[in-house]
Each structure stands twice: as C-alpha cells, then as structure tokens.
file start35.cif (mmCIF, C-alpha atoms and all ligand atoms)
data_protein
loop_
_atom_site.label_atom_id
_atom_site.label_comp_id
_atom_site.auth_asym_id
_atom_site.auth_seq_id
_atom_site.Cartn_x
_atom_site.Cartn_y
_atom_site.Cartn_z
CA MET A 337 19.21 26.34 35.28
CA LYS A 338 16.93 27.86 32.64
CA ARG A 339 17.87 27.40 28.99
CA ALA A 340 17.18 30.06 26.39
CA LEU A 341 17.71 29.97 22.65
CA ILE A 342 18.40 33.28 20.92
CA THR A 343 18.21 33.55 17.14
CA GLY A 344 20.05 36.60 15.85
CA ILE A 345 22.52 36.42 18.72
CA SER A 346 25.22 38.06 16.61
CA GLY A 347 23.23 41.30 16.32
CA GLN A 348 22.97 44.33 18.59
CA ASP A 349 19.95 43.05 20.53
CA GLY A 350 21.26 39.47 20.64
CA SER A 351 24.44 40.57 22.35
CA TYR A 352 22.61 42.63 24.99
CA LEU A 353 20.07 39.86 25.59
CA ALA A 354 22.76 37.18 25.95
CA GLU A 355 24.51 39.37 28.53
CA LEU A 356 21.26 39.93 30.42
CA LEU A 357 20.24 36.25 30.48
CA ILE A 358 23.67 34.95 31.49
CA GLY A 359 23.65 37.55 34.27
CA LYS A 360 20.34 36.08 35.43
CA GLY A 361 21.79 32.56 35.56
CA TYR A 362 20.54 31.19 32.24
CA GLU A 363 22.33 28.79 29.96
CA VAL A 364 22.19 30.59 26.63
CA TRP A 365 22.25 29.01 23.20
CA GLY A 366 22.69 31.19 20.15
CA LEU A 367 21.93 30.44 16.55
CA LEU A 368 24.60 31.52 14.07
CA ARG A 369 24.21 31.67 10.31
CA ARG A 370 27.09 30.44 8.21
CA HIS A 371 29.07 33.43 6.98
CA SER A 372 32.13 33.62 4.73
CA VAL A 373 33.86 35.80 7.32
CA PRO A 374 32.99 34.00 10.56
CA GLU A 375 34.63 36.70 12.71
CA ASN A 376 31.93 39.13 11.55
CA GLN A 377 29.35 36.87 13.15
CA THR A 378 30.88 36.90 16.59
CA SER A 379 32.59 40.29 16.78
CA ARG A 380 29.97 41.83 19.10
CA LEU A 381 30.04 38.85 21.46
CA GLU A 382 33.82 38.83 21.43
CA ALA A 383 34.03 42.56 22.17
CA ILE A 384 32.06 42.06 25.39
CA GLY A 385 34.02 38.97 26.43
CA LEU A 386 31.13 36.54 25.99
CA LEU A 387 32.75 34.20 23.48
CA SER A 388 34.65 32.34 26.16
CA ASN A 389 31.77 32.35 28.66
CA PRO A 390 30.94 28.75 29.66
CA TYR A 391 27.22 29.56 29.77
CA LEU A 392 27.14 30.63 26.11
CA ASN A 393 26.85 27.99 23.38
CA LEU A 394 26.82 28.89 19.70
CA VAL A 395 25.40 26.55 17.07
CA TYR A 396 25.15 26.89 13.32
CA GLY A 397 21.60 27.10 12.02
CA ASP A 398 19.25 29.34 10.11
CA ILE A 399 15.61 30.24 10.66
CA THR A 400 14.97 29.67 6.93
CA ASP A 401 16.23 26.08 7.35
CA LEU A 402 13.53 24.13 9.20
CA PRO A 403 15.62 20.93 9.65
CA SER A 404 18.33 22.96 11.39
CA LEU A 405 15.72 24.40 13.76
CA LEU A 406 14.22 20.99 14.51
CA ASN A 407 17.68 19.63 15.35
CA ILE A 408 18.57 22.55 17.58
CA MET A 409 15.26 22.53 19.44
CA GLY A 410 15.72 18.81 20.09
CA LYS A 411 19.27 19.28 21.32
CA VAL A 412 18.65 22.35 23.51
CA LEU A 413 15.04 21.84 24.65
CA PRO A 414 14.82 25.53 25.55
CA GLN A 415 12.30 26.94 27.99
CA GLU A 416 12.50 30.33 26.29
CA VAL A 417 13.06 31.16 22.62
CA TYR A 418 13.84 34.73 21.57
CA ASN A 419 13.51 35.27 17.83
CA LEU A 420 15.70 38.25 17.02
CA ALA A 421 16.94 36.95 13.66
CA ALA A 422 15.87 39.07 10.71
CA GLN A 423 16.89 41.06 7.69
CA SER A 424 16.33 44.17 9.79
CA HIS A 425 17.22 47.00 7.41
CA VAL A 426 14.11 48.72 6.03
CA ARG A 427 15.84 50.38 3.04
CA ILE A 428 17.52 47.11 2.04
CA SER A 429 14.17 45.28 2.21
CA PHE A 430 13.24 47.17 -0.99
CA ASP A 431 16.34 45.74 -2.71
CA GLN A 432 15.91 42.22 -1.31
CA PRO A 433 12.17 41.74 -0.77
CA ALA A 434 12.14 37.96 -1.22
CA PHE A 435 15.10 37.39 1.08
CA THR A 436 13.48 39.69 3.66
CA THR A 437 10.17 37.82 3.40
CA ASN A 438 11.90 34.47 3.73
CA ALA A 439 13.80 35.44 6.84
CA ASP A 440 11.31 37.73 8.58
CA ALA A 441 8.04 35.95 7.72
CA VAL A 442 8.67 32.34 6.66
CA GLY A 443 11.50 32.06 9.19
CA VAL A 444 9.01 32.79 11.96
CA LEU A 445 6.65 30.13 10.64
CA ASN A 446 9.58 27.68 10.85
CA ILE A 447 10.33 28.64 14.44
CA LEU A 448 6.70 28.26 15.47
CA GLU A 449 6.49 24.83 13.85
CA ALA A 450 9.79 23.68 15.35
CA VAL A 451 8.70 24.73 18.84
CA ARG A 452 5.20 23.27 18.39
CA THR A 453 6.69 19.94 17.29
CA ILE A 454 9.63 19.58 19.69
CA CYS A 455 9.09 21.73 22.80
CA PRO A 456 5.55 23.16 22.74
CA ALA A 457 5.76 24.46 26.31
CA ALA A 458 8.64 26.78 25.44
CA LYS A 459 7.81 30.48 25.65
CA ILE A 460 8.50 32.46 22.50
CA TYR A 461 9.38 36.12 22.12
CA GLN A 462 8.82 37.45 18.60
CA ALA A 463 10.56 40.69 17.66
CA GLY A 464 7.84 42.78 16.07
CA SER A 465 8.44 46.32 14.90
CA SER A 466 6.85 49.76 14.85
CA GLU A 467 7.44 49.55 11.09
CA MET A 468 4.32 47.31 11.05
CA PHE A 469 2.12 50.37 11.64
CA GLY A 470 3.25 52.20 8.53
CA ASN A 471 1.77 55.70 8.56
CA GLU A 472 -1.34 54.69 10.55
CA VAL A 473 -1.53 56.67 13.79
CA ASP A 474 -4.05 57.42 16.54
CA ASP A 475 -5.56 60.92 16.76
CA ASP A 476 -3.21 61.87 19.60
CA GLY A 477 -0.15 61.19 17.43
CA TYR A 478 0.86 57.95 19.22
CA ARG A 479 0.87 54.33 18.13
CA ARG A 480 -0.14 51.68 20.60
CA GLU A 481 -1.22 48.01 20.65
CA SER A 482 -4.70 48.91 19.34
CA THR A 483 -3.52 51.14 16.46
CA SER A 484 -4.22 49.70 13.01
CA MET A 485 -1.29 48.41 11.01
CA ARG A 486 -0.62 49.18 7.34
CA PRO A 487 3.08 48.76 6.58
CA VAL A 488 4.87 50.78 3.90
CA SER A 489 7.92 48.54 3.31
CA PRO A 490 8.58 44.89 2.42
CA TYR A 491 10.21 44.63 5.86
CA GLY A 492 7.05 45.92 7.57
CA CYS A 493 4.87 43.52 5.56
CA ALA A 494 7.00 40.51 6.54
CA LYS A 495 7.03 41.55 10.20
CA LEU A 496 3.25 41.99 10.16
CA TYR A 497 2.75 38.50 8.72
CA ALA A 498 4.91 37.11 11.53
CA PHE A 499 3.05 39.16 14.15
CA ASN A 500 -0.33 37.86 12.95
CA LEU A 501 0.90 34.29 12.65
CA CYS A 502 2.15 34.39 16.24
CA SER A 503 -1.30 35.53 17.41
CA VAL A 504 -2.89 32.67 15.43
CA TYR A 505 -0.56 30.04 16.92
CA ARG A 506 -1.17 31.49 20.38
CA SER A 507 -4.94 31.17 20.09
CA SER A 508 -5.01 27.98 18.00
CA TYR A 509 -2.48 25.90 19.92
CA GLY A 510 -2.35 27.61 23.31
CA MET A 511 1.33 28.38 22.86
CA PHE A 512 3.01 31.08 24.97
CA ILE A 513 4.03 33.65 22.37
CA ALA A 514 4.63 37.31 23.20
CA ASN A 515 4.89 39.83 20.39
CA GLY A 516 7.04 42.83 21.20
CA ILE A 517 6.25 45.89 19.09
CA LEU A 518 9.54 47.63 19.46
CA PHE A 519 10.28 51.13 18.27
CA ASN A 520 13.81 52.05 17.14
CA HIS A 521 16.47 51.11 19.65
CA GLU A 522 20.13 51.95 19.37
CA SER A 523 23.47 51.69 21.16
CA PRO A 524 27.20 51.75 20.47
CA ARG A 525 26.70 48.21 19.10
CA ARG A 526 24.27 49.37 16.39
CA GLY A 527 25.25 48.58 12.79
CA LEU A 528 26.84 51.50 10.98
CA ASN A 529 24.21 51.53 8.22
CA PHE A 530 21.41 52.54 10.61
CA VAL A 531 21.04 56.27 10.85
CA THR A 532 22.03 56.80 14.50
CA ASN A 533 25.41 55.11 14.40
CA LYS A 534 26.01 56.30 10.84
CA ILE A 535 25.70 59.90 12.09
CA VAL A 536 27.82 59.18 15.18
CA ALA A 537 30.58 57.48 13.16
CA GLY A 538 30.47 60.18 10.46
CA ALA A 539 30.62 63.07 12.95
CA VAL A 540 33.46 61.50 14.92
CA ALA A 541 35.44 60.91 11.70
CA ILE A 542 34.87 64.57 10.74
CA SER A 543 35.96 65.74 14.21
CA LYS A 544 39.21 63.79 13.78
CA GLY A 545 39.85 65.21 10.31
CA GLU A 546 39.31 61.80 8.71
CA ALA A 547 36.26 62.86 6.66
CA SER A 548 34.86 66.12 5.38
CA GLU A 549 31.16 65.42 4.87
CA LEU A 550 28.36 63.01 5.73
CA ALA A 551 25.75 62.04 3.11
CA LEU A 552 22.32 61.13 4.47
CA GLY A 553 18.80 60.62 3.14
CA ASN A 554 15.60 62.07 4.59
CA LEU A 555 16.39 64.48 7.44
CA GLU A 556 12.77 65.32 8.26
CA ALA A 557 11.56 61.83 9.27
CA THR A 558 11.11 61.46 13.01
CA ARG A 559 11.75 58.38 15.13
CA ASP A 560 11.15 57.36 18.75
CA TRP A 561 14.66 56.25 19.72
CA GLY A 562 15.43 54.27 22.86
CA HIS A 563 18.41 52.24 24.10
CA ALA A 564 18.72 48.57 23.10
CA LYS A 565 19.77 47.59 26.63
CA ASP A 566 16.46 48.86 28.01
CA TYR A 567 14.50 47.19 25.22
CA VAL A 568 15.98 43.68 25.65
CA ARG A 569 15.02 43.89 29.34
CA ALA A 570 11.45 44.46 28.15
CA MET A 571 11.68 41.32 25.97
CA TRP A 572 12.68 39.23 28.98
CA MET A 573 9.91 40.77 31.12
CA MET A 574 7.31 39.86 28.49
CA LEU A 575 8.22 36.18 28.86
CA GLN A 576 8.04 36.32 32.68
CA HIS A 577 4.46 37.66 32.59
CA GLU A 578 1.76 35.08 33.45
CA THR A 579 0.01 35.44 30.09
CA PRO A 580 1.38 35.84 26.56
CA GLU A 581 0.47 39.25 25.22
CA ASP A 582 1.55 41.97 22.78
CA PHE A 583 3.41 45.00 24.12
CA VAL A 584 4.62 48.25 22.59
CA CYS A 585 8.06 49.28 23.79
CA ALA A 586 8.90 52.94 23.15
CA MET A 587 10.14 56.09 24.85
CA GLY A 588 7.09 58.17 23.92
CA GLU A 589 9.09 61.03 22.40
CA SER A 590 10.22 61.57 18.86
CA HIS A 591 13.10 63.45 17.27
CA SER A 592 13.85 64.14 13.63
CA VAL A 593 16.97 62.87 11.89
CA ARG A 594 17.95 66.55 11.62
CA GLU A 595 17.64 66.99 15.42
CA LEU A 596 19.74 63.87 15.89
CA CYS A 597 22.44 65.38 13.64
CA GLU A 598 22.30 68.59 15.68
CA GLU A 599 22.66 66.66 18.95
CA VAL A 600 25.53 64.44 17.79
CA PHE A 601 27.58 67.14 16.05
CA SER A 602 27.15 69.57 18.95
CA GLU A 603 28.51 66.88 21.32
CA LEU A 604 31.69 67.30 19.26
CA ASP A 605 31.47 71.12 19.13
CA LEU A 606 30.59 71.02 15.44
CA ASP A 607 27.67 72.47 13.45
CA TYR A 608 26.06 69.70 11.39
CA ARG A 609 25.02 72.22 8.70
CA ASP A 610 28.67 72.57 7.68
CA TYR A 611 29.03 68.85 6.92
CA VAL A 612 25.73 67.04 6.28
CA THR A 613 24.61 66.61 2.67
CA GLN A 614 21.70 64.68 1.19
CA ASP A 615 21.89 61.88 -1.36
CA ARG A 616 18.87 60.38 -3.14
CA LYS A 617 20.27 56.89 -2.73
CA TYR A 618 19.55 56.94 1.01
CA PHE A 619 15.87 57.84 0.53
CA ARG A 620 13.27 55.04 0.56
CA PRO A 621 10.65 54.54 -2.19
CA THR A 622 8.05 55.02 0.55
CA GLU A 623 8.86 56.44 3.95
CA LEU A 624 7.38 56.07 7.39
CA HIS A 625 7.36 59.78 8.19
CA ASP A 626 6.83 60.08 11.92
CA LEU A 627 7.03 57.58 14.74
CA LYS A 628 6.05 57.92 18.38
CA GLY A 629 4.94 55.06 20.61
CA ASP A 630 2.81 54.77 23.71
CA SER A 631 4.17 52.03 25.97
CA SER A 632 1.72 52.61 28.87
CA LYS A 633 0.68 48.94 28.80
CA LEU A 634 4.27 47.74 29.24
CA ARG A 635 4.94 50.30 31.96
CA LYS A 636 1.72 49.59 33.89
CA THR A 637 1.57 45.80 33.49
CA LEU A 638 5.23 44.82 33.67
CA HIS A 639 6.56 47.94 35.45
CA TRP A 640 9.13 48.51 32.70
CA GLU A 641 10.92 51.84 32.76
CA PRO A 642 13.86 52.89 30.57
CA GLU A 643 17.14 53.73 32.30
CA TYR A 644 18.54 55.73 29.38
CA SER A 645 17.28 59.07 28.05
CA PHE A 646 17.66 60.01 24.38
CA ARG A 647 20.50 62.40 25.28
CA GLY A 648 22.20 59.82 27.53
CA MET A 649 22.09 57.32 24.69
CA VAL A 650 23.61 59.76 22.19
CA GLU A 651 26.36 60.70 24.68
CA GLU A 652 27.21 57.05 25.24
CA MET A 653 27.34 56.36 21.49
CA VAL A 654 29.60 59.34 20.78
CA ALA A 655 31.92 58.51 23.69
CA ALA A 656 32.17 54.87 22.59
CA ARG A 657 32.99 55.86 19.01
CA LEU A 658 35.60 58.39 20.16
O1 LIG B 1 18.04 53.95 11.23
P1 LIG B 1 17.05 53.58 10.18
O2 LIG B 1 17.56 52.85 9.01
O3 LIG B 1 15.89 52.79 10.94
P2 LIG B 1 14.39 52.40 10.54
O4 LIG B 1 14.21 52.37 9.08
O5 LIG B 1 13.46 53.30 11.29
O6 LIG B 1 14.28 50.92 11.07
C1 LIG B 1 14.77 50.52 12.35
O7 LIG B 1 13.77 50.64 13.32
C2 LIG B 1 12.62 49.77 13.13
C3 LIG B 1 11.66 50.03 14.27
O8 LIG B 1 10.81 51.07 13.89
C4 LIG B 1 13.10 48.33 13.12
F1 LIG B 1 12.05 47.50 12.96
C5 LIG B 1 14.09 48.14 11.99
O9 LIG B 1 14.58 46.80 12.00
C6 LIG B 1 15.27 49.07 12.22
O10 LIG B 1 15.91 48.70 13.41
O11 LIG B 1 16.32 54.89 9.62
C7 LIG B 1 15.69 55.81 10.48
C8 LIG B 1 15.27 57.04 9.68
C9 LIG B 1 14.45 56.73 8.42
O12 LIG B 1 13.41 57.64 8.33
C10 LIG B 1 15.42 56.95 7.28
O13 LIG B 1 14.79 57.36 6.07
O14 LIG B 1 16.45 57.69 9.22
C11 LIG B 1 16.26 58.08 7.86
N1 LIG B 1 17.58 58.23 7.24
C12 LIG B 1 18.05 59.40 6.72
N2 LIG B 1 19.26 59.20 6.22
C13 LIG B 1 18.50 57.27 7.05
C14 LIG B 1 19.58 57.90 6.38
N3 LIG B 1 18.52 55.97 7.38
C15 LIG B 1 19.63 55.23 7.07
N4 LIG B 1 19.67 53.94 7.42
N5 LIG B 1 20.70 55.81 6.40
C16 LIG B 1 20.71 57.13 6.04
O15 LIG B 1 21.69 57.63 5.44
#
call {"tool": "encode", "arguments": {"input": "start35.cif", "output": "structure tokens", "more": "lines below"}}
Ligand code: G4F
result
Amino acid sequence: MKRALITGISGQDGSYLAELLIGKGYEVWGLLRRHSVPENQTSRLEAIGLLSNPYLNLVYGDITDLPSLLNIMGKVLPQEVYNLAAQSHVRISFDQPAFTTNADAVGVLNILEAVRTICPAAKIYQAGSSEMFGNEVDDDGYRRESTSMRPVSPYGCAKLYAFNLCSVYRSSYGMFIANGILFNHESPRRGLNFVTNKIVAGAVAISKGEASELALGNLEATRDWGHAKDYVRAMWMMLQHETPEDFVCAMGESHSVRELCEEVFSELDLDYRDYVTQDRKYFRPTELHDLKGDSSKLRKTLHWEPEYSFRGMVEEMVAARL
C-alpha cells in the first residue's frame, strides 16, 4: 500500500486529493494546523465522509515548524508528499506579507529539508501558481512553462521562491520534485472569500431574499477557471511520470469576473446588474489583470484532460449552494 502525506489537507484541494488517493488504494496522512475551532479544520473532510475512513490519518503539524515535519516524515515514511499548505489568498497576502512568506516560501524549504533528511526518495508535488507570472505573458496571450515570471503580490513572490527552490533541490540533490503551475481552480468546496464562491453564495442568498446586494472588487480582471477535482488529478499524474518536471495546468480560456457574475446570476434567473456593487476594499494594490494558461505539455505528456467545462463547474457550484 502506497503512503502519501498531504499538507493542507483541510483545504479545497486537500479534500479532493485525499478522496482521489484513497480511491486509488493509498494510505493517506494529512497534516493539520492547530486551530482554536478544530471543527473548522476538518469540516470539508467530514462533509464528504472521510473523517471516519480507516485509510485517512490526521496529525497535528505545521510546515513552518521544522521539528514537526521531521517527526511526521519519520513516522509516516511517505512515498509521495503533496504540499498544498499555504496562505493562499492573494489579497490577504498584502495584509500579512510576513506570514505569507513564512508559510508559502520558508515552509517549502522546511518540507524539502525534512524529506531530504528523512525520506529522500519520496516524490514531492509543490503547488505552484499562475500568480507567479504576474503580468508577464507570451505574445499569443498565453502563459506556459517557458513564460517569464514577475509576480505582483507577496503571495506570488513567496510561491516563486518556492518554485525556484524546488528546481534547485531537484538538480542539486537529484530529488523527485514536480512543480505544478496551477491556474485558478474552484468547486463547491471553495472558500467563500474567493471570488467564484463569493459570487455563487451572494447570488443564491439574493435569490432567496436573504440579501439585497453583493459588493465585489475589480470586475474587469479575467481568470482561467477550472475545476479543483480535475486539477488534483493532474497533481497525482505529475508524480506518476518517470521524470520530475514542471507543468502548467489550465483550461486555456479566460472569463472576466463580470462574465462570471452574468453566468451565475442568470443560472438563478437574475440580472447581476441589479445587485452587484463595487467596493474599494476588495481591490488589490496591484492586480494581475488577465490570466490564460497553455497546458499543452500536461495534455501531451501526461494525457491530462479536464472533465468539467467552465459552465459545468458554475452549474455544479450553484446547485450545491442552493
Ligand atoms: O478568487 P480570487 O481571490 O483568486 P486569485 O487572486 O486569482 O487567486 C487564486 O488563484 C491563484 C491561481 O492563479 C492561486 F494561486 C491563489 O491561491 C488563489 O487560489 O480573485 C480572482 C479575481 C481577482 O482579479 C480579484 O481582484 O477576482 C477579483 N475580485 C473581484 N472582486 C475579487 C473580488 N476577488 C475576491 N477574492 N473577492 C472579491 O470581492
């Protein structure tokens, strides 16, 4: 039986990945941070019935706490490590830049050192982000593995440090480390302070007469939105490949926040223009304006294909919220 360790198991991606790996016959270990409301940490896993699954083990630890990682690596001796733990909110990274850097950059250094010391043959997946590109883009409007990276947020800077460090450990120590460069990915399990589920939750509340307006930030930014379930499958595929490489995972189409509002509200027979307002507090000091990814390498090399369309994802999110 293969053993995998997932950091960030309490998040959207962690829950989908745990489900996928247990379905494939893995013993899954998940790292949980101490939280004053412990139920908040496990609510996603509980909602999908995984908490009582005998193949899921949860242990307290933190990627900013190297001794905790050394202990856990020694206890679990994983063959695969998926690092999904992060302060993942771009806007909040401007409010908490040091915390973000500690978790998203130094935390990755800790993981690499813990694996190198205890179980150097373990394969590592590092959750990189399209936010690392910043506003750099190829002439055809896409971002791909070869596109230069110039982040525009503390979050993007921390993720880029981690991405580069993983490449250095890969070439210096011969470790198997795959960097995923994932574009936005969403689902009914997405946190309510990310724009997709914020719009879905707001529109559903309006449709039920529980709210009368929805305040958002920049409506003109575009994103390349896919489904988290498809994207965690890509993470697993990257670790099954014979060589450790970097892969972009994206749908290859972009939509503006405004279009997303249109799509979600019209699912509920509403016109977003009657309800959506804008509030400066949701704007970022610097914005990544447009995002569209080219995942040809992932599709050709690992034969990854998404099962969800943008519309299918929105429909699922609205139905789940209803
Ligand atoms: O949903 P968002 O907060 O996602 P963002 O910033 O693109 O980051 C997500 O995707 C990255 C991959 O590219 C991940 F690395 C990262 O961890 C995270 O998962 O915002 C999307 C867009 C932005 O342009 C933002 O300015 O929506 C715009 N927006 C407009 N109004 C808003 C709002 N975003 C949020 N969160 N809340 C608003 O009210």
call {"tool": "atom_distance", "arguments": {"input": "start35.cif", "atom1": "atom CA of Leu606 of chain A", "atom2": "atom CA of Ser548 of chain A"}}
result
12.0 Å
call {"tool": "residues_near_ligand", "arguments": {"input": "start35.cif", "ligand": "ligand LIG 1 (chain B)", "cutoff": "7 Å", "atoms": "all atoms listed in the file", "output": "number ranges by chain"}}
result
A: 424-427, 465-467, 518-521, 529-532, 534, 551-555, 557-559, 593, 618-620, 623-625
call {"tool": "closest_residue", "arguments": {"input": "start35.cif", "among": "A:Ala463, A:Ala564, A:Leu528, A:Val584", "to": "Ser351 of chain A", "atoms": "only C-alpha atoms"}}
result
A:Ala564
call {"tool": "closest_residue", "arguments": {"input": "start35.cif", "among": "A:Glu416, A:Asp626, A:Glu363, A:Asp401", "to": "Leu575 of chain A", "atoms": "only C-alpha atoms"}}
result
A:Glu416
call {"tool": "atom_distance", "arguments": {"input": "start35.cif", "atom1": "atom CA of Gly588 of chain A", "atom2": "atom CA of Val650 of chain A"}}
result
16.7 Å
call {"tool": "atom_distance", "arguments": {"input": "start35.cif", "atom1": "atom CA of Glu641 of chain A", "atom2": "atom CA of Phe499 of chain A"}}
result
23.9 Å
call {"tool": "residues_around", "arguments": {"input": "start35.cif", "residues": "Arg609 of chain A", "least_positions_apart": "6", "cutoff": "10 Å", "atoms": "all atoms listed in the file", "output": "PyMOL selection string"}}
result
chain A and resi 549+594+597-598+601
call {"tool": "write_last_selection", "arguments": {"input": "start35.cif", "atoms": "C-alpha atoms", "output": "PDB file, in the coordinates of the input"}}
result
ATOM      1  CA  GLU A 549      31.160  65.420   4.870  1.00  0.00           C
ATOM      2  CA  ARG A 594      17.950  66.550  11.620  1.00  0.00           C
ATOM      3  CA  CYS A 597      22.440  65.380  13.640  1.00  0.00           C
ATOM      4  CA  GLU A 598      22.300  68.590  15.680  1.00  0.00           C
ATOM      5  CA  PHE A 601      27.580  67.140  16.050  1.00  0.00           C
TER       6      PHE A 601
END
call {"tool": "closest_residue", "arguments": {"input": "start35.cif", "among": "A:Leu387, A:Met485, A:Ala340, A:Ala656", "to": "Arg525 of chain A", "atoms": "all atoms listed in the file"}}
result
A:Ala656
call {"tool": "closest_residue", "arguments": {"input": "start35.cif", "among": "A:Asp566, A:Glu556, A:Asp398, A:Asp630", "to": "Thr483 of chain A", "atoms": "only C-alpha atoms"}}
result
A:Asp630
